[in-house]
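This is model-v7.pdb (PDB, C-alpha atoms).
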```pdb
ATOM      1  CA  LYS F   1      -6.931 -18.578  -4.141
ATOM      2  CA  ARG F   2      -9.388 -18.332  -1.259
ATOM      3  CA  ILE F   3      -7.417 -15.546   0.417
ATOM      4  CA  ARG F   4      -8.584 -11.983  -0.216
ATOM      5  CA  PHE F   5      -7.004  -8.597   0.303
ATOM      6  CA  GLY F   6      -8.653  -6.743   3.176
ATOM      7  CA  PRO F   7     -10.209  -3.271   3.283
ATOM      8  CA  ILE F   8      -7.014  -1.669   4.573
ATOM      9  CA  ALA F   9      -4.535  -3.314   2.180
ATOM     10  CA  ASN F  10      -1.723  -0.800   1.819
ATOM     11  CA  ARG F  11       0.255  -1.632  -1.306
ATOM     12  CA  ASP F  12      -0.347   0.370  -4.451
ATOM     13  CA  GLU F  13      -1.413  -1.898  -7.336
ATOM     14  CA  ARG F  14       1.636  -0.816  -9.372
ATOM     15  CA  SER F  15       3.924  -2.402  -6.768
ATOM     16  CA  LEU F  16       2.050  -5.697  -7.154
ATOM     17  CA  THR F  17       2.869  -6.298 -10.829
ATOM     18  CA  THR F  18       5.917  -7.395 -12.788
ATOM     19  CA  LYS F  19       6.331  -3.785 -13.946
ATOM     20  CA  ASP F  20       7.765  -3.138 -10.459
ATOM     21  CA  GLU F  21      11.406  -4.219 -10.128
ATOM     22  CA  ALA F  22      11.127  -5.163  -6.434
ATOM     23  CA  PHE F  23       8.061  -7.299  -7.194
ATOM     24  CA  ARG F  24       9.911  -9.060 -10.046
ATOM     25  CA  GLU F  25      12.799  -9.777  -7.656
ATOM     26  CA  LEU F  26      10.426 -11.171  -5.016
ATOM     27  CA  LYS F  27       8.660 -13.369  -7.572
ATOM     28  CA  ALA F  28      11.967 -14.667  -8.962
ATOM     29  CA  ASP F  29      13.196 -15.418  -5.439
ATOM     30  CA  LEU F  30       9.990 -17.323  -4.606
ATOM     31  CA  ALA F  31      10.278 -19.288  -7.856
ATOM     32  CA  ALA F  32      13.925 -20.162  -7.211
ATOM     33  CA  SER F  33      13.961 -20.703  -3.445
ATOM     34  CA  GLY F  34      10.367 -21.241  -2.410
ATOM     35  CA  GLN F  35       8.560 -19.260   0.235
ATOM     36  CA  GLU F  36      10.614 -18.936   3.420
ATOM     37  CA  PHE F  37       8.399 -16.432   5.216
ATOM     38  CA  PRO F  38       4.702 -17.222   5.605
ATOM     39  CA  ILE F  39       1.982 -14.701   5.036
ATOM     40  CA  LYS F  40      -0.390 -14.071   7.931
ATOM     41  CA  VAL F  41      -4.122 -14.443   7.451
ATOM     42  CA  ARG F  42      -7.287 -14.219   9.492
ATOM     43  CA  ALA F  43     -10.442 -16.246   8.978
ATOM     44  CA  VAL F  44     -13.472 -14.517   7.417
ATOM     45  CA  ALA F  45     -17.064 -15.711   7.497
ATOM     46  CA  ASP F  46     -18.787 -13.003   5.436
ATOM     47  CA  ASP F  47     -17.531 -14.046   1.984
ATOM     48  CA  ALA F  48     -18.571 -17.130  -0.004
ATOM     49  CA  GLU F  49     -15.508 -16.838  -2.301
ATOM     50  CA  HIS F  50     -12.859 -16.412   0.397
ATOM     51  CA  ASP F  51     -12.065 -18.195   3.651
ATOM     52  CA  PHE F  52      -9.220 -15.912   4.690
ATOM     53  CA  GLU F  53      -7.987 -12.316   4.494
ATOM     54  CA  VAL F  54      -4.352 -11.194   4.387
ATOM     55  CA  VAL F  55      -3.051  -9.625   7.569
ATOM     56  CA  ALA F  56       0.562  -9.374   6.371
ATOM     57  CA  GLY F  57       2.188 -10.455   3.109
ATOM     58  CA  HIS F  58       0.180  -8.906   0.269
ATOM     59  CA  ARG F  59       3.176  -8.868  -2.104
ATOM     60  CA  ARG F  60       4.047 -12.509  -1.360
ATOM     61  CA  LEU F  61       0.440 -13.564  -1.929
ATOM     62  CA  ARG F  62       0.215 -11.739  -5.269
ATOM     63  CA  ALA F  63       3.558 -13.217  -6.400
ATOM     64  CA  ALA F  64       2.456 -16.708  -5.308
ATOM     65  CA  LEU F  65      -0.818 -16.354  -7.234
ATOM     66  CA  GLU F  66       1.116 -15.403 -10.383
ATOM     67  CA  LEU F  67       3.493 -18.322  -9.903
ATOM     68  CA  ASP F  68       0.520 -20.654  -9.372
ATOM     69  CA  ARG F  69      -0.897 -19.623 -12.772
ATOM     70  CA  GLU F  70       2.506 -20.011 -14.469
ATOM     71  CA  THR F  71       3.604 -23.304 -12.887
ATOM     72  CA  PRO F  72       2.067 -26.531 -14.265
ATOM     73  CA  ALA F  73       1.975 -28.151 -10.809
ATOM     74  CA  GLY F  74       0.840 -24.909  -9.155
ATOM     75  CA  PHE F  75       2.510 -22.966  -6.387
ATOM     76  CA  ARG F  76       1.426 -23.441  -2.795
ATOM     77  CA  ILE F  77       1.386 -20.529  -0.389
ATOM     78  CA  LEU F  78       2.557 -20.904   3.184
ATOM     79  CA  ALA F  79       0.159 -19.036   5.476
ATOM     80  CA  LEU F  80      -0.200 -18.764   9.226
ATOM     81  CA  LEU F  81      -3.576 -18.186  10.800
ATOM     82  CA  ASP F  82      -3.257 -15.157  13.074
ATOM     83  CA  GLU F  83      -5.976 -15.472  15.676
ATOM     84  CA  GLN F  84      -4.810 -12.217  17.266
ATOM     85  CA  ALA F  85      -5.875 -10.289  14.165
ATOM     86  CA  ALA F  86      -9.583 -10.038  14.850
ATOM     87  CA  GLU F  87      -9.873  -6.272  14.855
ATOM     88  CA  LEU F  88      -8.803  -3.839  12.139
ATOM     89  CA  LYS F  89      -6.558  -1.833  14.482
ATOM     90  CA  SER F  90      -4.518  -4.947  15.259
ATOM     91  CA  ILE F  91      -4.232  -5.766  11.533
ATOM     92  CA  ALA F  92      -3.264  -2.182  10.682
ATOM     93  CA  MET F  93      -0.427  -2.209  13.209
ATOM     94  CA  LYS F  94       0.817  -5.648  12.060
ATOM     95  CA  MET F  95       0.971  -4.430   8.439
ATOM     96  CA  PHE F  96       2.728  -1.237   9.533
ATOM     97  CA  ARG F  97       5.388  -3.111  11.519
ATOM     98  CA  GLU F  98       5.959  -5.688   8.778
ATOM     99  CA  ASN F  99       6.443  -3.043   6.092
ATOM    100  CA  LYS F 100       8.804  -1.047   8.285
ATOM    101  CA  VAL F 101      11.194  -4.024   8.526
ATOM    102  CA  ARG F 102      10.801  -5.243   4.928
ATOM    103  CA  LYS F 103      10.400  -3.167   1.753
ATOM    104  CA  ASP F 104       9.153   0.124   3.070
ATOM    105  CA  LEU F 105       6.090   1.757   1.562
ATOM    106  CA  THR F 106       6.393   4.897  -0.553
ATOM    107  CA  PRO F 107       5.087   8.181   0.918
ATOM    108  CA  TYR F 108       2.034   7.810  -1.375
ATOM    109  CA  GLU F 109       1.366   4.275  -0.080
ATOM    110  CA  TYR F 110       1.784   5.395   3.540
ATOM    111  CA  GLY F 111      -0.652   8.251   2.911
ATOM    112  CA  ARG F 112      -3.144   5.919   1.266
ATOM    113  CA  MET F 113      -2.810   3.439   4.132
ATOM    114  CA  PHE F 114      -3.329   6.130   6.767
ATOM    115  CA  GLN F 115      -6.371   7.488   4.906
ATOM    116  CA  LYS F 116      -7.817   3.964   4.646
ATOM    117  CA  TRP F 117      -7.323   3.552   8.393
ATOM    118  CA  ILE F 118      -9.312   6.725   9.049
ATOM    119  CA  ASP F 119     -11.988   5.831   6.470
ATOM    120  CA  ALA F 120     -12.410   2.345   7.981
ATOM    121  CA  GLY F 121     -12.674   3.783  11.492
ATOM    122  CA  VAL F 122      -9.481   2.083  12.665
ATOM    123  CA  PHE F 123      -8.278   5.468  13.922
ATOM    124  CA  LYS F 124     -10.270   8.683  14.120
ATOM    125  CA  THR F 125      -7.451  11.177  13.553
ATOM    126  CA  GLN F 126      -3.949  11.551  12.212
ATOM    127  CA  SER F 127      -2.845  12.237  15.799
ATOM    128  CA  GLU F 128      -4.048   8.782  16.847
ATOM    129  CA  ILE F 129      -2.127   7.265  13.934
ATOM    130  CA  ALA F 130       1.009   9.170  14.936
ATOM    131  CA  ALA F 131       0.742   7.926  18.518
ATOM    132  CA  ALA F 132       0.149   4.307  17.464
ATOM    133  CA  THR F 133       2.941   4.205  14.857
ATOM    134  CA  LYS F 134       5.412   6.346  16.827
ATOM    135  CA  LEU F 135       5.712   8.664  13.826
ATOM    136  CA  SER F 136       5.543  12.412  14.277
ATOM    137  CA  GLN F 137       2.222  14.120  13.637
ATOM    138  CA  PRO F 138       3.803  16.224  10.827
ATOM    139  CA  SER F 139       5.103  13.048   9.123
ATOM    140  CA  VAL F 140       1.665  11.424   9.178
ATOM    141  CA  SER F 141       0.186  14.667   7.836
ATOM    142  CA  VAL F 142       2.701  14.897   4.977
ATOM    143  CA  TYR F 143       2.246  11.224   4.027
ATOM    144  CA  THR F 144      -1.501  11.822   3.882
ATOM    145  CA  ALA F 145      -0.982  15.033   1.893
ATOM    146  CA  VAL F 146       1.013  13.108  -0.755
ATOM    147  CA  TYR F 147      -1.915  10.726  -1.165
ATOM    148  CA  GLN F 148      -4.485  13.542  -1.214
ATOM    149  CA  LEU F 149      -2.814  15.523  -3.998
ATOM    150  CA  PRO F 150      -5.151  15.866  -6.999
ATOM    151  CA  LYS F 151      -5.100  12.959  -9.452
ATOM    152  CA  GLU F 152      -3.679  15.294 -12.120
ATOM    153  CA  ILE F 153      -0.558  15.761  -9.982
ATOM    154  CA  HIS F 154      -0.251  11.994  -9.412
ATOM    155  CA  GLN F 155      -0.611  11.392 -13.156
ATOM    156  CA  ALA F 156       2.038  14.014 -13.972
ATOM    157  CA  PHE F 157       4.563  11.918 -12.056
ATOM    158  CA  GLY F 158       3.467   8.734 -13.830
ATOM    159  CA  ASP F 159       3.791   6.816 -10.576
ATOM    160  CA  PRO F 160       2.736   8.707  -7.434
ATOM    161  CA  GLY F 161       5.129   6.465  -5.506
ATOM    162  CA  VAL F 162       8.027   8.645  -6.688
ATOM    163  CA  ILE F 163       6.639  11.826  -5.094
ATOM    164  CA  ALA F 164       8.985  12.799  -2.284
ATOM    165  CA  MET F 165       7.662  14.153   0.980
ATOM    166  CA  ARG F 166       9.849  17.242   0.633
ATOM    167  CA  TRP F 167       7.951  18.268  -2.533
ATOM    168  CA  VAL F 168       4.521  18.388  -0.884
ATOM    169  CA  GLN F 169       4.871  21.868   0.577
ATOM    170  CA  GLU F 170       5.776  23.401  -2.809
ATOM    171  CA  LEU F 171       3.079  21.447  -4.626
ATOM    172  CA  ALA F 172       0.470  22.517  -2.056
ATOM    173  CA  LYS F 173       1.570  26.157  -2.377
ATOM    174  CA  ALA F 174       1.363  26.005  -6.182
ATOM    175  CA  LEU F 175      -2.110  24.495  -5.948
ATOM    176  CA  LYS F 176      -3.225  27.118  -3.441
ATOM    177  CA  ASP F 177      -1.807  30.117  -5.308
ATOM    178  CA  HIS F 178      -2.309  28.957  -8.933
ATOM    179  CA  GLU F 179      -4.585  25.923  -8.913
ATOM    180  CA  ARG F 180      -5.926  26.157 -12.451
ATOM    181  CA  GLU F 181      -2.484  26.739 -13.992
ATOM    182  CA  THR F 182      -0.833  24.043 -11.866
ATOM    183  CA  LEU F 183      -3.448  21.437 -12.772
ATOM    184  CA  ALA F 184      -3.293  22.411 -16.459
ATOM    185  CA  ARG F 185       0.487  22.032 -16.420
ATOM    186  CA  ALA F 186       0.176  18.676 -14.635
ATOM    187  CA  ARG F 187      -2.296  17.443 -17.279
ATOM    188  CA  GLU F 188       0.098  18.539 -20.029
ATOM    189  CA  ILE F 189       3.041  16.742 -18.386
ATOM    190  CA  ALA F 190       0.943  13.576 -17.984
ATOM    191  CA  ARG F 191      -0.091  13.790 -21.646
ATOM    192  CA  LEU F 192       3.566  14.023 -22.725
TER     193      LEU F 192
END
```
What would the structure in this file look like if it were written as structure tokens?
Amino acid sequence: KRIRFGPIANRDERSLTTKDEAFRELKADLAASGQEFPIKVRAVADDAEHDFEVVAGHRRLRAALELDRETPAGFRILALLDEQAAELKSIAMKMFRENKVRKDLTPYEYGRMFQKWIDAGVFKTQSEIAAATKLSQPSVSVYTAVYQLPKEIHQAFGDPGVIAMRWVQELAKALKDHERETLARAREIARL
């Protein structure tokens, strides 16, 4: 309960609730089998309510917190202190590697993560992100473009996590050529 999410947490809130099937499966597995894989944390000194910040394991922490509320005896979280995670760039790369080998992020979540990295000054450009993650520059650009689509487009899909990378070029063209009509149509779809 004294572990906080950090400024570059990459999971979309919708993937951290029981409305998400993968989250429900993770929570059920933790309830049935316990926590086999620890989360990684780093110590923080700038927060009276929290002693630690997640480096890797946001979904496991959220599931453990729900189980703690639902279990009369509580649910303890297994966490490892990662002393190597002092700087944001190190944390960003740890989260990236962990998600690549576990449940991968959606294009929207990757785009949001990359934008958070730039906003937090972890990396200055998409090119730096591409070099650090070994992704192509166009892939980083498209992930970021999915995240940067107008909120009306995200809302039209219900969950922006379902937006495929291959749709970005057509959506961008529609917005460029017919922005008002495209946004109006997106609002109508979201309303329906």
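With distances taken over all atoms listed in the file, F:Phe75 is the one residue among F:Phe52, F:Phe157, F:Phe75, F:Phe114 lying closest to F:Gln35.
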- line: What separates atom CA of F:Asp82 and atom CA of F:Arg42 is a distance of 5.5 Å
- request: Give me the result of the PyMOL selection byres ((chain F and resi 36-41) around 7) on this file, residue by residue, as JSON, numbers by chain.
  value: {"F": [34, 35, 42, 43, 52, 53, 54, 55, 56, 57, 78, 79, 80, 81, 82]}
query: In file coordinates, which residues lie within 12 Å of (-10.6, -4.9, 4.8) using only C-alpha atoms, given as a VMD selection string?
result: chain F and resid 3 to 10 41 to 42 44 46 to 47 52 to 55 85 to 89 91 to 92 113 116 to 117 119 to 122
I need the residues from that last selection saved to file as a PDB file, in the coordinates of the input (with C-alpha atoms), if you can.
```
ATOM      1  CA  ILE F   3      -7.417 -15.546   0.417  1.00  0.00           C
ATOM      2  CA  ARG F   4      -8.584 -11.983  -0.216  1.00  0.00           C
ATOM      3  CA  PHE F   5      -7.004  -8.597   0.303  1.00  0.00           C
ATOM      4  CA  GLY F   6      -8.653  -6.743   3.176  1.00  0.00           C
ATOM      5  CA  PRO F   7     -10.209  -3.271   3.283  1.00  0.00           C
ATOM      6  CA  ILE F   8      -7.014  -1.669   4.573  1.00  0.00           C
ATOM      7  CA  ALA F   9      -4.535  -3.314   2.180  1.00  0.00           C
ATOM      8  CA  ASN F  10      -1.723  -0.800   1.819  1.00  0.00           C
ATOM      9  CA  VAL F  41      -4.122 -14.443   7.451  1.00  0.00           C
ATOM     10  CA  ARG F  42      -7.287 -14.219   9.492  1.00  0.00           C
ATOM     11  CA  VAL F  44     -13.472 -14.517   7.417  1.00  0.00           C
ATOM     12  CA  ASP F  46     -18.787 -13.003   5.436  1.00  0.00           C
ATOM     13  CA  ASP F  47     -17.531 -14.046   1.984  1.00  0.00           C
ATOM     14  CA  PHE F  52      -9.220 -15.912   4.690  1.00  0.00           C
ATOM     15  CA  GLU F  53      -7.987 -12.316   4.494  1.00  0.00           C
ATOM     16  CA  VAL F  54      -4.352 -11.194   4.387  1.00  0.00           C
ATOM     17  CA  VAL F  55      -3.051  -9.625   7.569  1.00  0.00           C
ATOM     18  CA  ALA F  85      -5.875 -10.289  14.165  1.00  0.00           C
ATOM     19  CA  ALA F  86      -9.583 -10.038  14.850  1.00  0.00           C
ATOM     20  CA  GLU F  87      -9.873  -6.272  14.855  1.00  0.00           C
ATOM     21  CA  LEU F  88      -8.803  -3.839  12.139  1.00  0.00           C
ATOM     22  CA  LYS F  89      -6.558  -1.833  14.482  1.00  0.00           C
ATOM     23  CA  ILE F  91      -4.232  -5.766  11.533  1.00  0.00           C
ATOM     24  CA  ALA F  92      -3.264  -2.182  10.682  1.00  0.00           C
ATOM     25  CA  MET F 113      -2.810   3.439   4.132  1.00  0.00           C
ATOM     26  CA  LYS F 116      -7.817   3.964   4.646  1.00  0.00           C
ATOM     27  CA  TRP F 117      -7.323   3.552   8.393  1.00  0.00           C
ATOM     28  CA  ASP F 119     -11.988   5.831   6.470  1.00  0.00           C
ATOM     29  CA  ALA F 120     -12.410   2.345   7.981  1.00  0.00           C
ATOM     30  CA  GLY F 121     -12.674   3.783  11.492  1.00  0.00           C
ATOM     31  CA  VAL F 122      -9.481   2.083  12.665  1.00  0.00           C
TER      32      VAL F 122
END
```
field: Of the listed residues F:Ala63, F:Ala130, F:Leu183, F:Ala31, that which approaches F:Ser15 most closely, counting all atoms listed in the file
entry: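 For F:Ser15, the nearest of the given residues is F:Ala63.
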- request: Extract, using all atoms listed in the file, all DNA, RNA and protein residues at most 9 Å from F:Ala172, discarding same-chain residues fewer than 5 positions from it, and format them as a VMD selection string.
  value: chain F and resid 145 149 167 177
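The space between atom CA of F:Arg69 and atom CA of F:Asp20 spans 18.8 Å.
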field: Distance in Å - atom CA of F:Lys151 versus atom CA of F:Arg187
entry: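 A separation of 9.4 Å between them.
Counting all atoms listed in the file, the residue from F:Lys134, F:Lys94, F:Arg14, F:Arg2 that sits nearest to F:Glu109 is F:Arg14.
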- request: Pull out every residue that the PyMOL selection byres ((chain F and resi 165) around 7) matches in the shown coordinates and put them as a ChimeraX atom specification.
  value: /F:107,142-143,146,163-164,166-168
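Residue neighbourhood of F:Gln148, excluding near-sequence residues (fewer than 6 positions): Tyr108, Gly111, Arg112, Gln115, Val142 and His154 of chain F, at 10 Å, using all atoms listed in the file.
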message: Could you list, as a list in words, every residue within 12 Å of F:Leu192, counting all atoms listed in the file and ignoring same-chain residues fewer than 6 positions away?
response: Gln155, Ala156, Phe157, Gly158, Arg185 and Ala186 of chain F
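Using all atoms listed in the file, the nearest neighbour of F:Leu105 within the list F:Ala184, F:Arg59, F:Glu170, F:Asp29 is F:Arg59.
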task: Counting all atoms listed in the file, find the residues whose atoms lie at most 6 Å from (0.4, -17.4, -0.7) (file coordinates) and write them out as a VMD selection string.
output: chain F and resid 61 64 77 to 78
- request: Between F:Thr133, F:Thr106, F:Thr182, F:Thr71, single out the one closest to F:Arg11, counting only C-alpha atoms.
  value: F:Thr106
Give the padded box for stretch 75-85 of chain F as JSON: axis-aligned, covering all atoms listed in the file, 6 Å on each side, centre and edge lengths in Å to one decimal.
```
{"center_x": -1.7, "center_y": -16.9, "center_z": 5.4, "size_x": 20.5, "size_y": 25.2, "size_z": 35.7}
```
query: Looking at only C-alpha atoms, which of F:Glu128, F:Glu49, F:Glu66, F:Glu83 is the one that sits closest to F:Thr17?
result: F:Glu66
